[in-house]
Amino acid sequence: MFDLTGKVALVTGASGGIGRATAIALSAQGATLVLTGRREAALQETADACATPCHIFTASLGDAESEAKMLADAEAAAGQIDILVNNAGLTKDGLAMRMKDDDFAQVIDVNLSATFRLCRGAMKGMMKRRWGRIINVVSVVGFMGNPGQANYAASKAGIVGMTKSIAREVGSRGITANCVAPGFVETAMTAELPEKVVAEQIAHVPSGRMGKPEEIAAAVVYLASDEAGYMSGTTLHVNGGMAML
């Protein structure tokens, strides 16, 4: 079950956290990996933890030329892209009434526009092969909202609507498009939060704990598999009951 042998998966933001856990989980099912991010050394650490061949490419999301080059190089090196996992993201938090236009625009460009461009680029080959999996990692914040994150919430909610539209366009070609929405997860970002903030967040989670990156990765593996061939245009919420959607 969930055998991905012979498939090539491109994972953005694979240098750590959810991206690294996802890469390792996909590799465990036999997928060849294309790992992208900004830090080559960290990407190599992810590759070292994987059991299958990995190709590493650095890229600057939000820069259309950098994205296009990375995708072209990845397809040339790996032969094709069967599974696209858009995991990388950016936060620039601030209250809406004080948020600068640049901070709003940059988060939208990196999180939403770059995700769209990578989907558009990867789906061309998927359509020719009549098989593909597009998996976009969003956030519970895109459904609930969060003070100080109007830009981030807007970007993640936008990805959800975009993914549904893509699913309707490419479904007849054997391609699925779905989202995974993590809740409060143990990552380098949350590790920097004050204990009081962490305790307040966990108080809203019925399971009484933070999620683990591996639990998000498991949802991605399912959506990447043949077994999920009838799942499209939907969002898998992995949040411990924080938001029951």
# chains A, B, ... in the order shown; residues from 1 in each chain; ligands from 1
call {"tool": "residues_around", "arguments": {"residues": "segment 14-20 of chain A", "least_positions_apart": "2", "cutoff": "6 Å", "atoms": "only C-alpha atoms", "output": "PyMOL selection string"}}
result
chain A and resi 11-12+22-23+35-36+42-43+46+187+213
call {"tool": "write_last_selection", "arguments": {"atoms": "all heavy atoms", "output": "tab-separated table (two decimals), in the first residue's frame"}}
result
chain	number	residue	atom	x	y	z
A	11	VAL	N	9.76	18.27	-3.68
A	11	VAL	CA	9.31	18.83	-2.41
A	11	VAL	C	9.99	20.17	-2.20
A	11	VAL	O	11.22	20.25	-2.14
A	11	VAL	CB	9.63	17.90	-1.23
A	11	VAL	CG1	9.11	18.50	0.09
A	11	VAL	CG2	9.03	16.51	-1.45
A	12	THR	N	9.22	21.24	-2.10
A	12	THR	CA	9.80	22.55	-1.80
A	12	THR	C	9.90	22.73	-0.29
A	12	THR	O	9.17	22.11	0.47
A	12	THR	CB	8.95	23.69	-2.40
A	12	THR	OG1	7.72	23.82	-1.68
A	12	THR	CG2	8.67	23.46	-3.87
A	22	THR	N	8.45	15.08	5.12
A	22	THR	CA	7.72	14.64	3.93
A	22	THR	C	8.64	13.94	2.95
A	22	THR	O	8.31	12.89	2.39
A	22	THR	CB	7.04	15.85	3.26
A	22	THR	OG1	6.05	16.38	4.15
A	22	THR	CG2	6.39	15.46	1.95
A	23	ALA	N	9.81	14.52	2.73
A	23	ALA	CA	10.77	13.90	1.82
A	23	ALA	C	11.17	12.51	2.29
A	23	ALA	O	11.20	11.55	1.51
A	23	ALA	CB	12.02	14.79	1.69
A	35	LEU	N	14.73	17.75	-4.10
A	35	LEU	CA	14.63	18.57	-2.90
A	35	LEU	C	15.02	20.00	-3.24
A	35	LEU	O	16.08	20.24	-3.82
A	35	LEU	CB	15.57	18.03	-1.82
A	35	LEU	CG	15.44	16.54	-1.49
A	35	LEU	CD1	16.50	16.13	-0.48
A	35	LEU	CD2	14.05	16.22	-0.99
A	36	THR	N	14.16	20.94	-2.88
A	36	THR	CA	14.46	22.34	-3.16
A	36	THR	C	14.32	23.18	-1.90
A	36	THR	O	13.58	22.83	-0.98
A	36	THR	CB	13.53	22.92	-4.25
A	36	THR	OG1	12.23	23.15	-3.70
A	36	THR	CG2	13.42	21.98	-5.43
A	42	ALA	N	21.50	22.23	4.27
A	42	ALA	CA	20.35	21.64	4.96
A	42	ALA	C	19.62	20.66	4.05
A	42	ALA	O	19.14	19.62	4.50
A	42	ALA	CB	19.40	22.73	5.44
A	43	LEU	N	19.56	20.97	2.76
A	43	LEU	CA	18.96	20.04	1.81
A	43	LEU	C	19.76	18.75	1.73
A	43	LEU	O	19.20	17.66	1.60
A	43	LEU	CB	18.87	20.69	0.43
A	43	LEU	CG	17.87	21.84	0.27
A	43	LEU	CD1	18.02	22.49	-1.11
A	43	LEU	CD2	16.45	21.37	0.47
A	46	THR	N	18.83	16.50	4.49
A	46	THR	CA	17.59	15.79	4.18
A	46	THR	C	17.88	14.62	3.25
A	46	THR	O	17.39	13.51	3.45
A	46	THR	CB	16.57	16.74	3.54
A	46	THR	OG1	16.28	17.82	4.44
A	46	THR	CG2	15.27	16.00	3.23
A	187	THR	N	7.95	22.54	14.90
A	187	THR	CA	8.92	22.92	13.87
A	187	THR	C	9.89	23.92	14.46
A	187	THR	O	9.74	24.37	15.60
A	187	THR	CB	8.22	23.57	12.66
A	187	THR	OG1	7.59	24.79	13.08
A	187	THR	CG2	7.17	22.64	12.05
A	213	PRO	N	5.88	16.69	12.64
A	213	PRO	CA	6.03	16.78	11.18
A	213	PRO	C	5.71	15.47	10.47
A	213	PRO	O	5.15	15.47	9.37
A	213	PRO	CB	7.50	17.17	11.02
A	213	PRO	CG	7.84	17.91	12.27
A	213	PRO	CD	7.06	17.20	13.35
call {"tool": "residues_around", "arguments": {"residues": "Val220 of chain A", "least_positions_apart": "5", "cutoff": "9 Å", "atoms": "only C-alpha atoms", "output": "ChimeraX atom specification"}}
result
/A:22,25-26,85,135-137,179-180,225,236
call {"tool": "residues_around", "arguments": {"residues": "segment 97-103 of chain A", "least_positions_apart": "5", "cutoff": "9 Å", "atoms": "only C-alpha atoms", "output": "PyMOL selection string"}}
result
chain A and resi 91-92+108+148+150-151
call {"tool": "write_last_selection", "arguments": {"atoms": "N, CA and C atoms", "output": "short mmCIF file (atom, residue, chain, number, x, y, z; two decimals), in the first residue's frame"}}
result
data_model
loop_
_atom_site.label_atom_id
_atom_site.label_comp_id
_atom_site.auth_asym_id
_atom_site.auth_seq_id
_atom_site.Cartn_x
_atom_site.Cartn_y
_atom_site.Cartn_z
N THR A 91 6.41 33.84 6.38
CA THR A 91 5.56 34.66 7.24
C THR A 91 6.22 36.02 7.45
N LYS A 92 5.41 37.03 7.47
CA LYS A 92 5.83 38.39 7.84
C LYS A 92 4.67 38.98 8.64
N ILE A 108 2.19 36.96 -0.18
CA ILE A 108 1.31 36.47 -1.24
C ILE A 108 2.12 35.92 -2.40
N GLY A 148 -2.67 39.10 13.42
CA GLY A 148 -1.30 39.38 12.99
C GLY A 148 -0.87 38.62 11.76
N ALA A 150 -2.87 38.36 8.63
CA ALA A 150 -3.82 38.58 7.54
C ALA A 150 -3.20 38.18 6.20
N ASN A 151 -1.92 38.50 6.01
CA ASN A 151 -1.25 38.15 4.74
C ASN A 151 -1.07 36.63 4.61
#
call {"tool": "residues_around", "arguments": {"residues": "segment 115-131 of chain A", "least_positions_apart": "3", "cutoff": "9 Å", "atoms": "only C-alpha atoms", "output": "PyMOL selection string"}}
result
chain A and resi 61+64+67-68+71-72+75+80-84+86-88+109-112+134+136+159+162-163+166+170+172-176
call {"tool": "select_by_dssp", "arguments": {"residues": "segment 31-236 of chain A", "states": "strand (DSSP E or B)", "output": "PyMOL selection string"}}
result
chain A and resi 32-37+54-58+83-86+94+132-137+149+175-182+185+211+235-236
call {"tool": "closest_residue", "arguments": {"among": "A:Ala243, A:Val34, A:Ala228, A:Ala191", "to": "Met1 of chain A", "atoms": "only C-alpha atoms"}}
result
A:Ala228
call {"tool": "residues_around", "arguments": {"residues": "Thr32 of chain A", "least_positions_apart": "5", "cutoff": "12 Å", "atoms": "only C-alpha atoms", "output": "PyMOL selection string"}}
result
chain A and resi 3-11+23-27+47+50-56+74-75+77-83
call {"tool": "write_last_selection", "arguments": {"atoms": "N, CA and C atoms", "output": "short mmCIF file (atom, residue, chain, number, x, y, z; two decimals), in the first residue's frame"}}
result
data_model
loop_
_atom_site.label_atom_id
_atom_site.label_comp_id
_atom_site.auth_asym_id
_atom_site.auth_seq_id
_atom_site.Cartn_x
_atom_site.Cartn_y
_atom_site.Cartn_z
N ASP A 3 2.74 2.40 -2.36
CA ASP A 3 4.02 2.18 -3.04
C ASP A 3 4.24 3.26 -4.09
N LEU A 4 5.34 3.98 -3.97
CA LEU A 4 5.64 5.07 -4.90
C LEU A 4 6.89 4.76 -5.74
N THR A 5 7.25 3.51 -5.82
CA THR A 5 8.40 3.11 -6.62
C THR A 5 8.23 3.55 -8.08
N GLY A 6 9.25 4.18 -8.62
CA GLY A 6 9.19 4.64 -10.01
C GLY A 6 8.66 6.05 -10.17
N LYS A 7 8.18 6.64 -9.08
CA LYS A 7 7.66 8.01 -9.13
C LYS A 7 8.74 9.00 -8.67
N VAL A 8 8.66 10.21 -9.19
CA VAL A 8 9.57 11.28 -8.80
C VAL A 8 8.76 12.36 -8.10
N ALA A 9 9.19 12.72 -6.90
CA ALA A 9 8.48 13.73 -6.11
C ALA A 9 9.36 14.95 -5.89
N LEU A 10 8.84 16.12 -6.20
CA LEU A 10 9.53 17.38 -5.92
C LEU A 10 8.92 17.98 -4.67
N VAL A 11 9.76 18.27 -3.68
CA VAL A 11 9.31 18.83 -2.41
C VAL A 11 9.99 20.17 -2.20
N ALA A 23 9.81 14.52 2.73
CA ALA A 23 10.77 13.90 1.82
C ALA A 23 11.17 12.51 2.29
N ILE A 24 11.45 12.38 3.57
CA ILE A 24 11.85 11.09 4.13
C ILE A 24 10.71 10.07 4.00
N ALA A 25 9.48 10.52 4.25
CA ALA A 25 8.33 9.61 4.16
C ALA A 25 8.07 9.16 2.73
N LEU A 26 8.19 10.07 1.77
CA LEU A 26 8.01 9.70 0.36
C LEU A 26 9.10 8.74 -0.09
N SER A 27 10.33 9.00 0.36
CA SER A 27 11.44 8.13 0.03
C SER A 27 11.23 6.73 0.58
N ALA A 47 18.68 14.87 2.22
CA ALA A 47 19.02 13.82 1.26
C ALA A 47 19.71 12.65 1.95
N CYS A 50 17.34 10.20 3.46
CA CYS A 50 16.43 9.51 2.55
C CYS A 50 17.04 8.20 2.06
N ALA A 51 16.16 7.26 1.74
CA ALA A 51 16.61 5.93 1.33
C ALA A 51 16.69 5.75 -0.18
N THR A 52 16.26 6.75 -0.93
CA THR A 52 16.24 6.67 -2.39
C THR A 52 17.05 7.83 -2.97
N PRO A 53 17.37 7.79 -4.27
CA PRO A 53 18.14 8.87 -4.87
C PRO A 53 17.48 10.24 -4.71
N CYS A 54 18.30 11.25 -4.48
CA CYS A 54 17.81 12.62 -4.30
C CYS A 54 18.58 13.58 -5.19
N HIS A 55 17.87 14.51 -5.79
CA HIS A 55 18.48 15.59 -6.55
C HIS A 55 18.22 16.89 -5.78
N ILE A 56 19.24 17.71 -5.63
CA ILE A 56 19.13 18.93 -4.84
C ILE A 56 19.27 20.15 -5.73
N ALA A 74 15.25 20.33 -12.53
CA ALA A 74 14.75 19.14 -11.83
C ALA A 74 14.24 18.10 -12.82
N GLU A 75 13.47 18.55 -13.81
CA GLU A 75 12.94 17.62 -14.80
C GLU A 75 14.06 17.02 -15.65
N ALA A 77 17.16 16.48 -14.64
CA ALA A 77 17.94 15.57 -13.82
C ALA A 77 17.18 14.30 -13.46
N ALA A 78 15.90 14.45 -13.13
CA ALA A 78 15.12 13.30 -12.65
C ALA A 78 14.31 12.64 -13.75
N GLY A 79 14.19 13.31 -14.88
CA GLY A 79 13.44 12.75 -16.01
C GLY A 79 12.01 13.22 -16.08
N GLN A 80 11.39 13.42 -14.92
CA GLN A 80 9.99 13.87 -14.88
C GLN A 80 9.64 14.23 -13.45
N ILE A 81 8.52 14.90 -13.29
CA ILE A 81 7.97 15.20 -11.97
C ILE A 81 6.57 14.60 -11.92
N ASP A 82 6.40 13.59 -11.10
CA ASP A 82 5.09 12.94 -10.96
C ASP A 82 4.29 13.50 -9.79
N ILE A 83 5.00 13.90 -8.74
CA ILE A 83 4.37 14.37 -7.51
C ILE A 83 4.97 15.72 -7.14
#
call {"tool": "closest_residue", "arguments": {"among": "A:Ala59, A:Arg133, A:Gln44, A:Thr235", "to": "Val160 of chain A", "atoms": "only C-alpha atoms"}}
result
A:Thr235
call {"tool": "closest_residue", "arguments": {"among": "A:Arg168, A:Arg209, A:Lys196, A:His204", "to": "Ser232 of chain A", "atoms": "only C-alpha atoms"}}
result
A:Arg168
call {"tool": "atom_distance", "arguments": {"atom1": "atom CA of Ala203 of chain A", "atom2": "atom CA of Ala219 of chain A"}}
result
23.9 Å
call {"tool": "closest_residue", "arguments": {"among": "A:Met144, A:Ile202, A:Ala153, A:Leu223", "to": "Met244 of chain A", "atoms": "only C-alpha atoms"}}
result
A:Met144
call {"tool": "atom_distance", "arguments": {"atom1": "atom CA of Gly145 of chain A", "atom2": "atom CA of Glu215 of chain A"}}
result
22.4 Å
call {"tool": "closest_residue", "arguments": {"among": "A:Gly240, A:Lys69, A:Tyr230, A:Ala167", "to": "Phe57 of chain A", "atoms": "only C-alpha atoms"}}
result
A:Lys69
call {"tool": "closest_residue", "arguments": {"among": "A:Gly89, A:Gly171, A:Gly30, A:Gly211", "to": "His237 of chain A", "atoms": "only C-alpha atoms"}}
result
A:Gly211
call {"tool": "select_by_dssp", "arguments": {"residues": "segment 26-73 of chain A", "states": "helix (DSSP H, G or I)", "output": "tab-separated table (two decimals) with N, CA, C and O atoms, in the first residue's frame"}}
result
chain	number	residue	atom	x	y	z
A	26	LEU	N	8.19	10.07	1.77
A	26	LEU	CA	8.01	9.70	0.36
A	26	LEU	C	9.10	8.74	-0.09
A	26	LEU	O	8.85	7.79	-0.82
A	27	SER	N	10.33	9.00	0.36
A	27	SER	CA	11.44	8.13	0.03
A	27	SER	C	11.23	6.73	0.58
A	27	SER	O	11.55	5.73	-0.08
A	28	ALA	N	10.69	6.64	1.79
A	28	ALA	CA	10.44	5.34	2.41
A	28	ALA	C	9.47	4.49	1.61
A	28	ALA	O	9.48	3.26	1.70
A	40	GLU	N	21.53	24.90	0.77
A	40	GLU	CA	22.01	23.66	0.16
A	40	GLU	C	22.49	22.65	1.20
A	40	GLU	O	22.23	21.44	1.07
A	41	ALA	N	23.18	23.13	2.23
A	41	ALA	CA	23.69	22.22	3.25
A	41	ALA	C	22.56	21.50	3.97
A	41	ALA	O	22.64	20.30	4.25
A	42	ALA	N	21.50	22.23	4.27
A	42	ALA	CA	20.35	21.64	4.96
A	42	ALA	C	19.62	20.66	4.05
A	42	ALA	O	19.14	19.62	4.50
A	43	LEU	N	19.56	20.97	2.76
A	43	LEU	CA	18.96	20.04	1.81
A	43	LEU	C	19.76	18.75	1.73
A	43	LEU	O	19.20	17.66	1.60
A	44	GLN	N	21.09	18.87	1.82
A	44	GLN	CA	21.93	17.68	1.78
A	44	GLN	C	21.68	16.81	3.01
A	44	GLN	O	21.71	15.58	2.92
A	45	GLU	N	21.41	17.44	4.15
A	45	GLU	CA	21.09	16.68	5.36
A	45	GLU	C	19.80	15.89	5.15
A	45	GLU	O	19.70	14.73	5.60
A	46	THR	N	18.83	16.50	4.49
A	46	THR	CA	17.59	15.79	4.18
A	46	THR	C	17.88	14.62	3.25
A	46	THR	O	17.39	13.51	3.45
A	47	ALA	N	18.68	14.87	2.22
A	47	ALA	CA	19.02	13.82	1.26
A	47	ALA	C	19.71	12.65	1.95
A	47	ALA	O	19.45	11.48	1.65
A	48	ASP	N	20.58	12.96	2.90
A	48	ASP	CA	21.31	11.92	3.62
A	48	ASP	C	20.37	11.04	4.44
A	48	ASP	O	20.70	9.87	4.73
A	64	ALA	N	10.20	34.41	-10.27
A	64	ALA	CA	9.68	33.53	-11.31
A	64	ALA	C	10.78	32.87	-12.12
A	64	ALA	O	10.68	31.70	-12.50
A	65	GLU	N	11.85	33.61	-12.42
A	65	GLU	CA	12.95	33.04	-13.20
A	65	GLU	C	13.66	31.94	-12.44
A	65	GLU	O	14.01	30.90	-13.00
A	66	SER	N	13.89	32.15	-11.14
A	66	SER	CA	14.54	31.14	-10.31
A	66	SER	C	13.69	29.89	-10.22
A	66	SER	O	14.19	28.76	-10.29
A	67	GLU	N	12.40	30.08	-10.08
A	67	GLU	CA	11.47	28.94	-10.00
A	67	GLU	C	11.49	28.13	-11.30
A	67	GLU	O	11.55	26.90	-11.28
A	68	ALA	N	11.42	28.84	-12.42
A	68	ALA	CA	11.37	28.17	-13.72
A	68	ALA	C	12.66	27.39	-13.98
A	68	ALA	O	12.64	26.26	-14.49
A	69	LYS	N	13.79	27.98	-13.62
A	69	LYS	CA	15.08	27.30	-13.80
A	69	LYS	C	15.15	26.04	-12.93
A	69	LYS	O	15.60	24.98	-13.38
A	70	MET	N	14.71	26.17	-11.68
A	70	MET	CA	14.74	25.02	-10.78
A	70	MET	C	13.88	23.89	-11.32
A	70	MET	O	14.29	22.73	-11.33
A	71	LEU	N	12.70	24.21	-11.81
A	71	LEU	CA	11.80	23.18	-12.32
A	71	LEU	C	12.38	22.53	-13.58
A	71	LEU	O	12.33	21.30	-13.72
A	72	ALA	N	12.95	23.32	-14.45
A	72	ALA	CA	13.56	22.77	-15.67
A	72	ALA	C	14.75	21.89	-15.33
A	72	ALA	O	14.92	20.80	-15.90
A	73	ASP	N	15.59	22.33	-14.40
A	73	ASP	CA	16.75	21.55	-13.99
A	73	ASP	C	16.31	20.25	-13.33
A	73	ASP	O	16.92	19.19	-13.53
